[in-house]
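The data block below is data.pdb; it holds PDB, C-alpha atoms and all ligand atoms.
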```pdb
ATOM      1  CA  MET A   1     -15.531 -13.680  21.473
ATOM      2  CA  LEU A   2     -15.336 -16.017  24.457
ATOM      3  CA  ASP A   3     -19.092 -15.723  25.049
ATOM      4  CA  ARG A   4     -19.606 -17.300  21.643
ATOM      5  CA  PHE A   5     -17.548 -20.317  22.758
ATOM      6  CA  ALA A   6     -20.121 -21.593  25.274
ATOM      7  CA  ASP A   7     -21.470 -25.007  24.286
ATOM      8  CA  ARG A   8     -18.752 -25.358  21.635
ATOM      9  CA  TRP A   9     -15.668 -27.577  21.726
ATOM     10  CA  ALA A  10     -12.070 -26.771  22.645
ATOM     11  CA  LEU A  11      -9.191 -29.196  22.126
ATOM     12  CA  VAL A  12      -6.392 -28.918  24.687
ATOM     13  CA  THR A  13      -3.114 -30.763  24.209
ATOM     14  CA  GLY A  14      -1.100 -31.429  27.347
ATOM     15  CA  ALA A  15      -4.330 -31.490  29.380
ATOM     16  CA  SER A  16      -3.095 -33.969  31.985
ATOM     17  CA  SER A  17      -1.304 -31.327  34.103
ATOM     18  CA  GLY A  18      -0.137 -27.743  34.547
ATOM     19  CA  ILE A  19      -1.192 -24.983  32.186
ATOM     20  CA  GLY A  20      -3.190 -27.343  29.926
ATOM     21  CA  ALA A  21      -5.318 -28.713  32.772
ATOM     22  CA  THR A  22      -5.864 -25.133  33.962
ATOM     23  CA  PHE A  23      -7.025 -24.066  30.495
ATOM     24  CA  ALA A  24      -9.484 -26.978  30.556
ATOM     25  CA  GLU A  25     -10.840 -25.793  33.929
ATOM     26  CA  GLN A  26     -11.274 -22.163  32.900
ATOM     27  CA  LEU A  27     -12.809 -23.037  29.529
ATOM     28  CA  ALA A  28     -15.266 -25.482  31.096
ATOM     29  CA  ALA A  29     -16.224 -22.711  33.534
ATOM     30  CA  ARG A  30     -17.221 -20.723  30.419
ATOM     31  CA  GLY A  31     -19.356 -23.600  29.196
ATOM     32  CA  MET A  32     -16.984 -25.199  26.680
ATOM     33  CA  HIS A  33     -16.875 -28.927  26.053
ATOM     34  CA  LEU A  34     -13.386 -30.356  25.849
ATOM     35  CA  VAL A  35     -11.253 -32.777  23.940
ATOM     36  CA  LEU A  36      -8.447 -33.556  26.390
ATOM     37  CA  VAL A  37      -5.199 -34.885  24.921
ATOM     38  CA  ALA A  38      -1.991 -36.161  26.562
ATOM     39  CA  ARG A  39      -0.241 -39.492  27.163
ATOM     40  CA  ARG A  40      -1.518 -40.088  30.733
ATOM     41  CA  ARG A  41      -5.176 -41.033  30.797
ATOM     42  CA  GLU A  42      -5.854 -41.111  34.540
ATOM     43  CA  PRO A  43      -5.360 -37.414  35.383
ATOM     44  CA  MET A  44      -7.519 -36.481  32.401
ATOM     45  CA  GLN A  45     -10.279 -38.841  33.560
ATOM     46  CA  GLU A  46     -10.257 -37.208  36.989
ATOM     47  CA  LEU A  47     -10.288 -33.755  35.413
ATOM     48  CA  ALA A  48     -13.163 -34.645  33.049
ATOM     49  CA  ALA A  49     -15.263 -36.035  35.912
ATOM     50  CA  ARG A  50     -14.645 -32.923  38.021
ATOM     51  CA  LEU A  51     -15.528 -30.557  35.185
ATOM     52  CA  HIS A  52     -18.725 -32.465  34.454
ATOM     53  CA  THR A  53     -19.781 -32.246  38.105
ATOM     54  CA  GLN A  54     -18.886 -28.562  38.445
ATOM     55  CA  HIS A  55     -19.996 -27.206  35.074
ATOM     56  CA  GLY A  56     -22.034 -29.930  33.349
ATOM     57  CA  THR A  57     -19.635 -29.910  30.387
ATOM     58  CA  ARG A  58     -18.719 -32.946  28.291
ATOM     59  CA  SER A  59     -15.161 -34.180  27.737
ATOM     60  CA  GLU A  60     -13.613 -36.610  25.278
ATOM     61  CA  ILE A  61     -10.288 -38.084  26.366
ATOM     62  CA  LEU A  62      -7.810 -39.026  23.668
ATOM     63  CA  THR A  63      -4.445 -40.411  24.728
ATOM     64  CA  SER A  64      -1.696 -39.673  22.265
ATOM     65  CA  ASP A  65       2.069 -39.381  22.189
ATOM     66  CA  LEU A  66       2.227 -36.352  19.926
ATOM     67  CA  ALA A  67       5.997 -36.645  19.562
ATOM     68  CA  ALA A  68       5.523 -39.933  17.691
ATOM     69  CA  PRO A  69       5.293 -39.837  13.885
ATOM     70  CA  HIS A  70       1.831 -39.174  12.370
ATOM     71  CA  GLN A  71       0.120 -38.832  15.760
ATOM     72  CA  ALA A  72      -1.063 -35.285  15.117
ATOM     73  CA  ALA A  73      -2.789 -36.395  11.913
ATOM     74  CA  ALA A  74      -4.285 -39.395  13.726
ATOM     75  CA  LEU A  75      -5.598 -37.090  16.455
ATOM     76  CA  HIS A  76      -7.264 -34.816  13.913
ATOM     77  CA  GLU A  77      -8.793 -37.881  12.271
ATOM     78  CA  ALA A  78     -10.086 -39.213  15.627
ATOM     79  CA  VAL A  79     -11.757 -35.865  16.379
ATOM     80  CA  SER A  80     -13.350 -35.705  12.906
ATOM     81  CA  ARG A  81     -14.657 -39.297  13.241
ATOM     82  CA  ARG A  82     -16.494 -38.223  16.394
ATOM     83  CA  GLY A  83     -18.160 -35.401  14.443
ATOM     84  CA  ILE A  84     -16.679 -32.797  16.778
ATOM     85  CA  GLU A  85     -16.107 -29.287  15.402
ATOM     86  CA  ILE A  86     -13.227 -27.585  17.199
ATOM     87  CA  GLU A  87     -13.873 -23.888  17.869
ATOM     88  CA  LEU A  88     -10.751 -23.355  19.978
ATOM     89  CA  LEU A  89      -7.483 -25.261  19.632
ATOM     90  CA  LEU A  90      -4.983 -25.013  22.458
ATOM     91  CA  ASN A  91      -1.587 -26.282  21.379
ATOM     92  CA  ASN A  92      -0.112 -26.478  24.853
ATOM     93  CA  ALA A  93       1.767 -29.823  25.097
ATOM     94  CA  GLY A  94       5.485 -29.194  25.251
ATOM     95  CA  PHE A  95       8.603 -29.736  27.307
ATOM     96  CA  ALA A  96      12.187 -28.550  27.686
ATOM     97  CA  VAL A  97      15.513 -30.318  27.854
ATOM     98  CA  VAL A  98      18.050 -28.581  30.087
ATOM     99  CA  GLY A  99      21.689 -29.590  30.025
ATOM    100  CA  ASP A 100      25.157 -29.111  28.636
ATOM    101  CA  ALA A 101      25.554 -29.748  24.904
ATOM    102  CA  ALA A 102      28.370 -32.206  25.694
ATOM    103  CA  ASP A 103      26.033 -34.753  27.247
ATOM    104  CA  VAL A 104      22.497 -33.728  26.347
ATOM    105  CA  ASP A 105      20.139 -36.607  25.470
ATOM    106  CA  VAL A 106      19.946 -36.201  21.692
ATOM    107  CA  ASP A 107      16.941 -38.533  21.306
ATOM    108  CA  ARG A 108      15.018 -36.465  23.849
ATOM    109  CA  VAL A 109      15.875 -33.275  21.933
ATOM    110  CA  GLY A 110      14.482 -34.951  18.801
ATOM    111  CA  GLU A 111      11.235 -35.632  20.683
ATOM    112  CA  LEU A 112      11.169 -31.995  21.776
ATOM    113  CA  VAL A 113      11.421 -30.767  18.193
ATOM    114  CA  ARG A 114       8.727 -33.213  17.029
ATOM    115  CA  LEU A 115       6.350 -32.175  19.823
ATOM    116  CA  ASN A 116       7.020 -28.448  20.343
ATOM    117  CA  ILE A 117       7.321 -27.686  16.614
ATOM    118  CA  GLY A 118       6.174 -30.645  14.486
ATOM    119  CA  ALA A 119       2.913 -31.649  16.159
ATOM    120  CA  LEU A 120       2.005 -28.022  16.922
ATOM    121  CA  THR A 121       2.426 -27.010  13.277
ATOM    122  CA  ASP A 122       0.525 -30.023  11.983
ATOM    123  CA  LEU A 123      -2.420 -29.554  14.363
ATOM    124  CA  THR A 124      -2.540 -25.814  13.730
ATOM    125  CA  TYR A 125      -2.984 -26.192   9.973
ATOM    126  CA  ARG A 126      -5.356 -29.174  10.180
ATOM    127  CA  PHE A 127      -7.749 -27.368  12.538
ATOM    128  CA  LEU A 128      -7.220 -23.886  11.074
ATOM    129  CA  GLN A 129      -8.397 -24.809   7.568
ATOM    130  CA  PRO A 130     -11.973 -25.718   8.576
ATOM    131  CA  MET A 131     -12.060 -22.634  10.858
ATOM    132  CA  LEU A 132     -11.222 -20.452   7.848
ATOM    133  CA  GLN A 133     -13.908 -22.169   5.775
ATOM    134  CA  ARG A 134     -16.480 -21.525   8.527
ATOM    135  CA  GLY A 135     -15.215 -17.988   9.193
ATOM    136  CA  HIS A 136     -14.787 -18.427  12.945
ATOM    137  CA  GLY A 137     -12.511 -20.093  15.473
ATOM    138  CA  ALA A 138      -9.348 -19.490  17.463
ATOM    139  CA  ILE A 139      -5.997 -21.100  18.133
ATOM    140  CA  VAL A 140      -3.695 -20.484  21.086
ATOM    141  CA  ASN A 141      -0.167 -21.781  20.668
ATOM    142  CA  VAL A 142       1.797 -21.896  23.907
ATOM    143  CA  ALA A 143       5.265 -20.397  23.389
ATOM    144  CA  SER A 144       7.284 -18.923  26.275
ATOM    145  CA  VAL A 145       9.180 -15.785  27.307
ATOM    146  CA  ALA A 146      12.168 -17.858  26.147
ATOM    147  CA  ALA A 147      10.800 -17.248  22.632
ATOM    148  CA  PHE A 148      12.206 -13.702  22.719
ATOM    149  CA  GLN A 149      15.843 -14.692  23.146
ATOM    150  CA  PRO A 150      18.318 -17.535  22.823
ATOM    151  CA  VAL A 151      18.906 -19.396  26.104
ATOM    152  CA  ALA A 152      22.107 -21.312  26.820
ATOM    153  CA  TYR A 153      21.726 -24.859  28.177
ATOM    154  CA  MET A 154      18.133 -25.006  26.904
ATOM    155  CA  ALA A 155      19.012 -23.912  23.387
ATOM    156  CA  ALA A 156      16.674 -26.254  21.482
ATOM    157  CA  TYR A 157      13.736 -25.419  23.727
ATOM    158  CA  ALA A 158      14.148 -21.637  23.454
ATOM    159  CA  ALA A 159      14.569 -21.943  19.679
ATOM    160  CA  SER A 160      11.458 -24.132  19.434
ATOM    161  CA  LYS A 161       9.453 -21.458  21.264
ATOM    162  CA  SER A 162      10.804 -18.715  18.963
ATOM    163  CA  TYR A 163       9.410 -20.817  16.150
ATOM    164  CA  VAL A 164       6.029 -21.053  17.899
ATOM    165  CA  LEU A 165       5.910 -17.283  18.428
ATOM    166  CA  HIS A 166       6.849 -16.373  14.856
ATOM    167  CA  PHE A 167       4.699 -19.089  13.289
ATOM    168  CA  SER A 168       1.667 -17.940  15.282
ATOM    169  CA  GLU A 169       2.219 -14.250  14.553
ATOM    170  CA  GLY A 170       2.488 -14.958  10.828
ATOM    171  CA  LEU A 171      -0.813 -16.833  10.926
ATOM    172  CA  TRP A 172      -2.416 -14.138  13.100
ATOM    173  CA  ALA A 173      -1.772 -11.633  10.301
ATOM    174  CA  GLU A 174      -2.973 -14.041   7.590
ATOM    175  CA  THR A 175      -6.230 -14.896   9.307
ATOM    176  CA  ARG A 176      -7.319 -11.848  11.353
ATOM    177  CA  ASP A 177      -9.673 -10.494   8.670
ATOM    178  CA  ARG A 178     -11.297 -13.876   8.179
ATOM    179  CA  GLY A 179     -12.947 -14.296  11.566
ATOM    180  CA  VAL A 180     -10.156 -16.407  13.047
ATOM    181  CA  THR A 181      -7.594 -15.513  15.723
ATOM    182  CA  VAL A 182      -4.234 -17.231  16.130
ATOM    183  CA  MET A 183      -2.440 -16.120  19.288
ATOM    184  CA  ALA A 184       0.887 -17.080  20.836
ATOM    185  CA  LEU A 185       0.920 -17.267  24.627
ATOM    186  CA  CYS A 186       4.285 -16.528  26.257
ATOM    187  CA  PRO A 187       4.267 -17.518  29.930
ATOM    188  CA  GLY A 188       7.200 -16.786  32.194
ATOM    189  CA  VAL A 189       8.225 -19.157  34.967
ATOM    190  CA  THR A 190       5.009 -20.929  35.998
ATOM    191  CA  ARG A 191       4.369 -23.331  38.893
ATOM    192  CA  THR A 192       3.925 -26.675  37.099
ATOM    193  CA  SER A 193       5.922 -29.886  36.708
ATOM    194  CA  PHE A 194       7.731 -28.311  33.723
ATOM    195  CA  PHE A 195      11.146 -27.900  35.397
ATOM    196  CA  ASP A 196      11.064 -31.392  36.922
ATOM    197  CA  VAL A 197      10.376 -32.829  33.472
ATOM    198  CA  ALA A 198      13.134 -30.633  32.003
ATOM    199  CA  GLY A 199      15.696 -32.238  34.305
ATOM    200  CA  VAL A 200      16.174 -29.402  36.823
ATOM    201  CA  PRO A 201      14.065 -30.416  39.835
ATOM    202  CA  GLY A 202      14.146 -27.754  42.539
ATOM    203  CA  TRP A 203      14.863 -24.906  40.069
ATOM    204  CA  LEU A 204      11.310 -23.608  40.318
ATOM    205  CA  LYS A 205      11.465 -23.189  44.103
ATOM    206  CA  LYS A 206      14.391 -20.804  43.795
ATOM    207  CA  HIS A 207      12.778 -18.458  41.271
ATOM    208  CA  ARG A 208       9.855 -16.113  41.142
ATOM    209  CA  SER A 209       6.942 -17.785  39.400
ATOM    210  CA  GLN A 210       3.275 -17.383  38.501
ATOM    211  CA  ASP A 211       0.302 -19.624  39.188
ATOM    212  CA  PRO A 212      -1.032 -21.342  36.097
ATOM    213  CA  GLU A 213      -4.487 -19.930  36.976
ATOM    214  CA  LYS A 214      -3.188 -16.397  36.496
ATOM    215  CA  VAL A 215      -1.352 -17.284  33.273
ATOM    216  CA  VAL A 216      -4.519 -18.773  31.794
ATOM    217  CA  ARG A 217      -6.742 -15.869  32.927
ATOM    218  CA  ASN A 218      -4.345 -13.404  31.256
ATOM    219  CA  ALA A 219      -4.282 -15.549  28.122
ATOM    220  CA  LEU A 220      -8.063 -15.610  27.820
ATOM    221  CA  THR A 221      -8.276 -11.834  28.346
ATOM    222  CA  SER A 222      -5.747 -11.326  25.541
ATOM    223  CA  LEU A 223      -7.563 -13.780  23.293
ATOM    224  CA  GLU A 224     -10.771 -11.834  23.847
ATOM    225  CA  LYS A 225      -8.892  -8.768  22.531
ATOM    226  CA  ARG A 226      -7.666 -10.815  19.565
ATOM    227  CA  ARG A 227      -4.011 -10.053  20.382
ATOM    228  CA  GLN A 228      -1.273 -11.619  18.253
ATOM    229  CA  TYR A 229       0.684 -12.630  21.338
ATOM    230  CA  ALA A 230       0.329 -12.427  25.099
ATOM    231  CA  VAL A 231       3.076 -12.267  27.702
ATOM    232  CA  SER A 232       1.841 -13.196  31.139
ATOM    233  CA  GLY A 233       2.767 -10.590  33.794
ATOM    234  CA  TRP A 234       4.221  -7.078  33.590
ATOM    235  CA  GLY A 235       7.686  -8.167  34.693
ATOM    236  CA  ASN A 236       7.854 -10.780  31.945
ATOM    237  CA  TRP A 237       6.517  -8.298  29.400
ATOM    238  CA  ILE A 238       9.189  -5.731  30.282
ATOM    239  CA  LEU A 239      11.896  -8.415  30.059
ATOM    240  CA  SER A 240      10.612  -9.402  26.625
ATOM    241  CA  LEU A 241      11.162  -5.792  25.488
ATOM    242  CA  LEU A 242      14.485  -5.234  27.296
ATOM    243  CA  VAL A 243      16.196  -8.024  25.406
ATOM    244  CA  ARG A 244      15.667  -5.969  22.241
ATOM    245  CA  LEU A 245      17.769  -3.131  23.669
ATOM    246  CA  ALA A 246      20.833  -5.223  24.420
ATOM    247  CA  THR A 247      23.148  -6.808  21.896
ATOM    248  CA  ARG A 248      22.411 -10.412  20.937
ATOM    249  CA  ARG A 249      25.833 -11.400  22.250
ATOM    250  CA  ARG A 250      25.117  -9.836  25.631
ATOM    251  CA  VAL A 251      21.672 -11.431  25.845
ATOM    252  CA  VAL A 252      22.852 -14.967  25.187
ATOM    253  CA  ILE A 253      25.871 -14.686  27.474
ATOM    254  CA  GLU A 254      23.640 -13.356  30.278
ATOM    255  CA  SER A 255      21.306 -16.319  29.732
ATOM    256  CA  MET A 256      24.067 -18.744  30.764
ATOM    257  CA  LYS A 257      23.456 -18.019  34.428
ATOM    258  CA  TYR A 258      19.965 -19.520  34.458
ATOM    259  CA  PHE A 259      20.768 -23.158  33.727
ATOM    260  CA  ARG A 260      24.571 -23.492  33.838
ATOM    261  CA  PRO A 261      25.216 -27.024  35.146
ATOM    262  CA  GLN A 262      27.192 -26.991  38.375
ATOM    263  CA  PRO A 263      29.701 -29.569  39.484
ATOM    264  CA  LYS A 264      28.306 -31.572  42.449
ATOM    265  CA  SER A 265      30.686 -29.963  44.956
ATOM    266  CA  GLU A 266      29.610 -26.460  43.895
ATOM    267  CA  GLU A 267      25.867 -27.084  44.066
ATOM    268  CA  PRO A 268      24.256 -24.208  45.962
ATOM    269  CA  ASP A 269      22.734 -24.662  49.363
ATOM    270  CA  ALA A 270      19.102 -25.651  48.843
ATOM    271  CA  GLU A 271      18.103 -22.977  51.362
ATOM    272  CA  ALA A 272      20.013 -20.234  49.593
ATOM    273  CA  THR A 273      17.906 -17.683  47.799
ATOM    274  CA  VAL A 274      18.773 -17.310  44.169
ATOM    275  CA  GLN A 275      18.203 -13.861  42.711
ATOM    276  CA  PRO A 276      15.405 -13.720  40.135
ATOM    277  CA  PRO A 277      16.520 -13.124  36.544
ATOM    278  CA  GLN A 278      17.643  -9.509  36.234
ATOM    279  CA  PRO A 279      16.772  -7.296  33.302
ATOM    280  CA  ILE A 280      19.519  -7.421  30.740
ATOM    281  CA  GLU A 281      21.062  -4.020  30.327
ATOM    282  CA  SER A 282      21.976  -2.387  27.101
ATOM    283  CA  ASP A 283      25.728  -2.621  26.570
ATOM    284  CA  ARG A 284      27.473  -0.234  24.229
ATOM    285  CA  GLN A 285      30.747  -2.160  24.285
ATOM    286  CA  ASN A 286      29.002  -5.315  23.218
ATOM    287  CA  ARG A 287      27.192  -3.485  20.451
ATOM    288  CA  ALA A 288      30.675  -2.666  19.154
ATOM    289  CA  ASP A 289      31.712  -6.310  19.615
ATOM    290  CA  ASP A 290      28.719  -7.453  17.612
ATOM    291  CA  ALA A 291      29.496  -5.017  14.866
ATOM    292  CA  VAL A 292      32.837  -6.701  14.271
ATOM    293  CA  ALA A 293      31.672 -10.284  14.942
TER     294      ALA A 293
HETATM  295  N1  LIG A 301       5.917 -23.941  33.386
HETATM  296  C1  LIG A 301       6.621 -22.970  32.841
HETATM  297  O1  LIG A 301       7.404 -22.280  33.522
HETATM  298  C2  LIG A 301       6.440 -22.650  31.374
HETATM  299  C3  LIG A 301       6.956 -21.421  30.909
HETATM  300  C4  LIG A 301       6.800 -21.100  29.574
HETATM  301  C5  LIG A 301       6.148 -21.955  28.717
HETATM  302  N2  LIG A 301       5.665 -23.153  29.189
HETATM  303  C6  LIG A 301       4.984 -24.041  28.227
HETATM  304  O2  LIG A 301       3.699 -24.368  28.734
HETATM  305  C7  LIG A 301       3.283 -25.600  28.148
HETATM  306  C8  LIG A 301       2.702 -26.497  29.244
HETATM  307  O3  LIG A 301       3.723 -26.830  30.160
HETATM  308  P1  LIG A 301       3.454 -26.906  31.737
HETATM  309  O4  LIG A 301       4.244 -25.834  32.368
HETATM  310  O5  LIG A 301       2.012 -26.997  32.014
HETATM  311  O6  LIG A 301       4.221 -28.275  32.073
HETATM  312  P2  LIG A 301       3.649 -29.715  32.482
HETATM  313  O7  LIG A 301       2.836 -29.602  33.719
HETATM  314  O8  LIG A 301       4.850 -30.608  32.478
HETATM  315  O9  LIG A 301       2.666 -30.092  31.297
HETATM  316  C9  LIG A 301       3.103 -30.589  30.054
HETATM  317  C10 LIG A 301       1.950 -31.289  29.380
HETATM  318  O10 LIG A 301       2.383 -31.730  28.077
HETATM  319  C11 LIG A 301       2.026 -33.093  27.937
HETATM  320  N3  LIG A 301       2.961 -33.789  27.071
HETATM  321  C12 LIG A 301       4.311 -33.902  27.243
HETATM  322  N4  LIG A 301       4.835 -34.674  26.278
HETATM  323  C13 LIG A 301       3.799 -35.058  25.494
HETATM  324  C14 LIG A 301       3.698 -35.894  24.356
HETATM  325  N5  LIG A 301       4.780 -36.486  23.813
HETATM  326  N6  LIG A 301       2.490 -36.110  23.784
HETATM  327  C15 LIG A 301       1.376 -35.530  24.338
HETATM  328  N7  LIG A 301       1.396 -34.730  25.417
HETATM  329  C16 LIG A 301       2.603 -34.512  26.001
HETATM  330  C17 LIG A 301       2.055 -33.665  29.357
HETATM  331  O11 LIG A 301       1.192 -34.793  29.482
HETATM  332  P3  LIG A 301       1.654 -36.338  29.538
HETATM  333  O12 LIG A 301       2.932 -36.381  30.303
HETATM  334  O13 LIG A 301       0.500 -37.007  30.209
HETATM  335  O14 LIG A 301       1.795 -36.733  28.108
HETATM  336  C18 LIG A 301       1.476 -32.498  30.146
HETATM  337  O15 LIG A 301       0.069 -32.554  30.142
HETATM  338  C19 LIG A 301       4.515 -26.188  27.451
HETATM  339  O16 LIG A 301       4.399 -25.965  26.057
HETATM  340  C20 LIG A 301       5.664 -25.374  28.015
HETATM  341  O17 LIG A 301       6.730 -25.274  27.107
HETATM  342  C21 LIG A 301       5.779 -23.507  30.502
END
```
As a first step, turn the structure in this file into structure tokens.
Amino acid sequence: MLDRFADRWALVTGASSGIGATFAEQLAARGMHLVLVARRREPMQELAARLHTQHGTRSEILTSDLAAPHQAAALHEAVSRRGIEIELLLNNAGFAVVGDAADVDVDRVGELVRLNIGALTDLTYRFLQPMLQRGHGAIVNVASVAAFQPVAYMAAYAASKSYVLHFSEGLWAETRDRGVTVMALCPGVTRTSFFDVAGVPGWLKKHRSQDPEKVVRNALTSLEKRRQYAVSGWGNWILSLLVRLATRRRVVIESMKYFRPQPKSEEPDAEATVQPPQPIESDRQNRADDAVA
């Protein structure tokens, strides 16, 4: 499938950094032209120039705040006006808000919902419909391993990614016999600016993580196989299955350890090694608890 993409166009949201910029690099290496979308123009200009030099591919840069009302529709319109047919849509732009419910920034959570769910849904349908008419095309929606479980202190984010996973899987089933693939990508902890943006700078350094290059390579291999979802890395894949064996109560209570805010005096030593997330064990007692909850 990916061979057919050469000389066609991919649209990548969140292309100014991290996983989105890495998708742009690996797709350009396969000969795809790119529509790069994010709020910051400069990093996308640098990326576009580099890709042109290395691979001879063309890029269109469209700055957009996709969390703002009607921006997804305006983006679709801007692409259509340029006469560009999108063969591969990468709904990657997204962010998390980490914090205690008592003082979380509610406006920022609203932005999160509009970007991670609203814009992604809007863009998916707007670009999917012409793909179905043509009988070819693909969409990758970036979810997360957090999509498989509720996560305390990043509750809205984890829930938004569950939406992305289920939305994409539903569309995968609807469209798979019509020449189109819709796939959810579920990365685990990945080395990008994600955790800084989420409000937990330094968190990444204390946890096992993957390079975005590896995440994107795995994603493209899974897309080639027309999978409904892809979890990057064996460890993450096993965790995504283990949460099904434990009770929901156990899973969410275990999740509290990842992002529980700590009073200043109790902040851990920056040099201390924090254990990576442990598999959540099945718990018979909690199954009983759930049964009466
Ligand atoms: N890193 C991880 O550990 C991890 C794990 C699982 C899933 N993910 C998912 O992977 C995706 C990419 O994140 P990343 O790790 O690459 O983080 P990142 O480096 O912070 O990239 C986020 C991208 O989204 C763009 N973006 C943010 N708000 C936007 C808005 N309102 N309108 C348009 N673009 C916006 C940013 O560009 P501008 O700031 O220039 O707008 C940036 O290009 C996200 O959906 C994230 O949820 C990441």
Considering only C-alpha atoms, return as a PyMOL selection string whatever protein or nucleic-acid residues lie within 8 Å of Gly99 of chain A, sequence-local ones (same chain, fewer than 2 positions apart) excluded. chain A and resi 97+101+103-104+153-154+199+259-261
Let me see if you get this right: every residue at most 8 Å from ligand LIG 301 (chain A), counting all atoms listed in the file, written as a PyMOL selection string. chain A and resi 13-21+37-41+43+63-68+91-96+111+115-116+142-146+157+161+186-197+204+209+212
For the selection you just gave me, I'd like the residues written to a file as a PDB file, in the frame of the given file, keeping C-alpha atoms.
```
ATOM      1  CA  THR A  13      -3.114 -30.763  24.209  1.00  0.00           C
ATOM      2  CA  GLY A  14      -1.100 -31.429  27.347  1.00  0.00           C
ATOM      3  CA  ALA A  15      -4.330 -31.490  29.380  1.00  0.00           C
ATOM      4  CA  SER A  16      -3.095 -33.969  31.985  1.00  0.00           C
ATOM      5  CA  SER A  17      -1.304 -31.327  34.103  1.00  0.00           C
ATOM      6  CA  GLY A  18      -0.137 -27.743  34.547  1.00  0.00           C
ATOM      7  CA  ILE A  19      -1.192 -24.983  32.186  1.00  0.00           C
ATOM      8  CA  GLY A  20      -3.190 -27.343  29.926  1.00  0.00           C
ATOM      9  CA  ALA A  21      -5.318 -28.713  32.772  1.00  0.00           C
ATOM     10  CA  VAL A  37      -5.199 -34.885  24.921  1.00  0.00           C
ATOM     11  CA  ALA A  38      -1.991 -36.161  26.562  1.00  0.00           C
ATOM     12  CA  ARG A  39      -0.241 -39.492  27.163  1.00  0.00           C
ATOM     13  CA  ARG A  40      -1.518 -40.088  30.733  1.00  0.00           C
ATOM     14  CA  ARG A  41      -5.176 -41.033  30.797  1.00  0.00           C
ATOM     15  CA  PRO A  43      -5.360 -37.414  35.383  1.00  0.00           C
ATOM     16  CA  THR A  63      -4.445 -40.411  24.728  1.00  0.00           C
ATOM     17  CA  SER A  64      -1.696 -39.673  22.265  1.00  0.00           C
ATOM     18  CA  ASP A  65       2.069 -39.381  22.189  1.00  0.00           C
ATOM     19  CA  LEU A  66       2.227 -36.352  19.926  1.00  0.00           C
ATOM     20  CA  ALA A  67       5.997 -36.645  19.562  1.00  0.00           C
ATOM     21  CA  ALA A  68       5.523 -39.933  17.691  1.00  0.00           C
ATOM     22  CA  ASN A  91      -1.587 -26.282  21.379  1.00  0.00           C
ATOM     23  CA  ASN A  92      -0.112 -26.478  24.853  1.00  0.00           C
ATOM     24  CA  ALA A  93       1.767 -29.823  25.097  1.00  0.00           C
ATOM     25  CA  GLY A  94       5.485 -29.194  25.251  1.00  0.00           C
ATOM     26  CA  PHE A  95       8.603 -29.736  27.307  1.00  0.00           C
ATOM     27  CA  ALA A  96      12.187 -28.550  27.686  1.00  0.00           C
ATOM     28  CA  GLU A 111      11.235 -35.632  20.683  1.00  0.00           C
ATOM     29  CA  LEU A 115       6.350 -32.175  19.823  1.00  0.00           C
ATOM     30  CA  ASN A 116       7.020 -28.448  20.343  1.00  0.00           C
ATOM     31  CA  VAL A 142       1.797 -21.896  23.907  1.00  0.00           C
ATOM     32  CA  ALA A 143       5.265 -20.397  23.389  1.00  0.00           C
ATOM     33  CA  SER A 144       7.284 -18.923  26.275  1.00  0.00           C
ATOM     34  CA  VAL A 145       9.180 -15.785  27.307  1.00  0.00           C
ATOM     35  CA  ALA A 146      12.168 -17.858  26.147  1.00  0.00           C
ATOM     36  CA  TYR A 157      13.736 -25.419  23.727  1.00  0.00           C
ATOM     37  CA  LYS A 161       9.453 -21.458  21.264  1.00  0.00           C
ATOM     38  CA  CYS A 186       4.285 -16.528  26.257  1.00  0.00           C
ATOM     39  CA  PRO A 187       4.267 -17.518  29.930  1.00  0.00           C
ATOM     40  CA  GLY A 188       7.200 -16.786  32.194  1.00  0.00           C
ATOM     41  CA  VAL A 189       8.225 -19.157  34.967  1.00  0.00           C
ATOM     42  CA  THR A 190       5.009 -20.929  35.998  1.00  0.00           C
ATOM     43  CA  ARG A 191       4.369 -23.331  38.893  1.00  0.00           C
ATOM     44  CA  THR A 192       3.925 -26.675  37.099  1.00  0.00           C
ATOM     45  CA  SER A 193       5.922 -29.886  36.708  1.00  0.00           C
ATOM     46  CA  PHE A 194       7.731 -28.311  33.723  1.00  0.00           C
ATOM     47  CA  PHE A 195      11.146 -27.900  35.397  1.00  0.00           C
ATOM     48  CA  ASP A 196      11.064 -31.392  36.922  1.00  0.00           C
ATOM     49  CA  VAL A 197      10.376 -32.829  33.472  1.00  0.00           C
ATOM     50  CA  LEU A 204      11.310 -23.608  40.318  1.00  0.00           C
ATOM     51  CA  SER A 209       6.942 -17.785  39.400  1.00  0.00           C
ATOM     52  CA  PRO A 212      -1.032 -21.342  36.097  1.00  0.00           C
TER      53      PRO A 212
END
```
Near Ala152 of chain A, counting only C-alpha atoms, which residues have an atom at most 9 Å away, once you skip same-chain residues fewer than 5 positions from it, shown as a PyMOL selection string? chain A and resi 98-100+158+252-260
Step by step, work through what the PyMOL selection byres (((chain A and resi 223) around 12) and not hetatm) selects in the shown file, and finish by giving those residues as number ranges by chain. A: 1-3, 5, 88, 90, 137-141, 172, 180-185, 216-222, 224-231
Atom CA of Leu123 of chain A to atom CA of Ala72 of chain A: how many Å, to one decimal?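 Interatomic distance, atom CA of Leu123 of chain A to atom CA of Ala72 of chain A: 5.9 Å.
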Rounded to one decimal, what separation in Å do you get between atom CA of Gly233 of chain A and atom CA of Lys214 of chain A?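 Value for the atom CA of Gly233 of chain A-atom CA of Lys214 of chain A distance: 8.7 Å.
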With the PyMOL selection byres (((chain A and resi 27-31) around 9) and not hetatm) as the selection, what would be picked from this file? Answer as a PyMOL selection string, please. chain A and resi 2-3+5-8+10+22-26+32-34+51-52+54-58+220
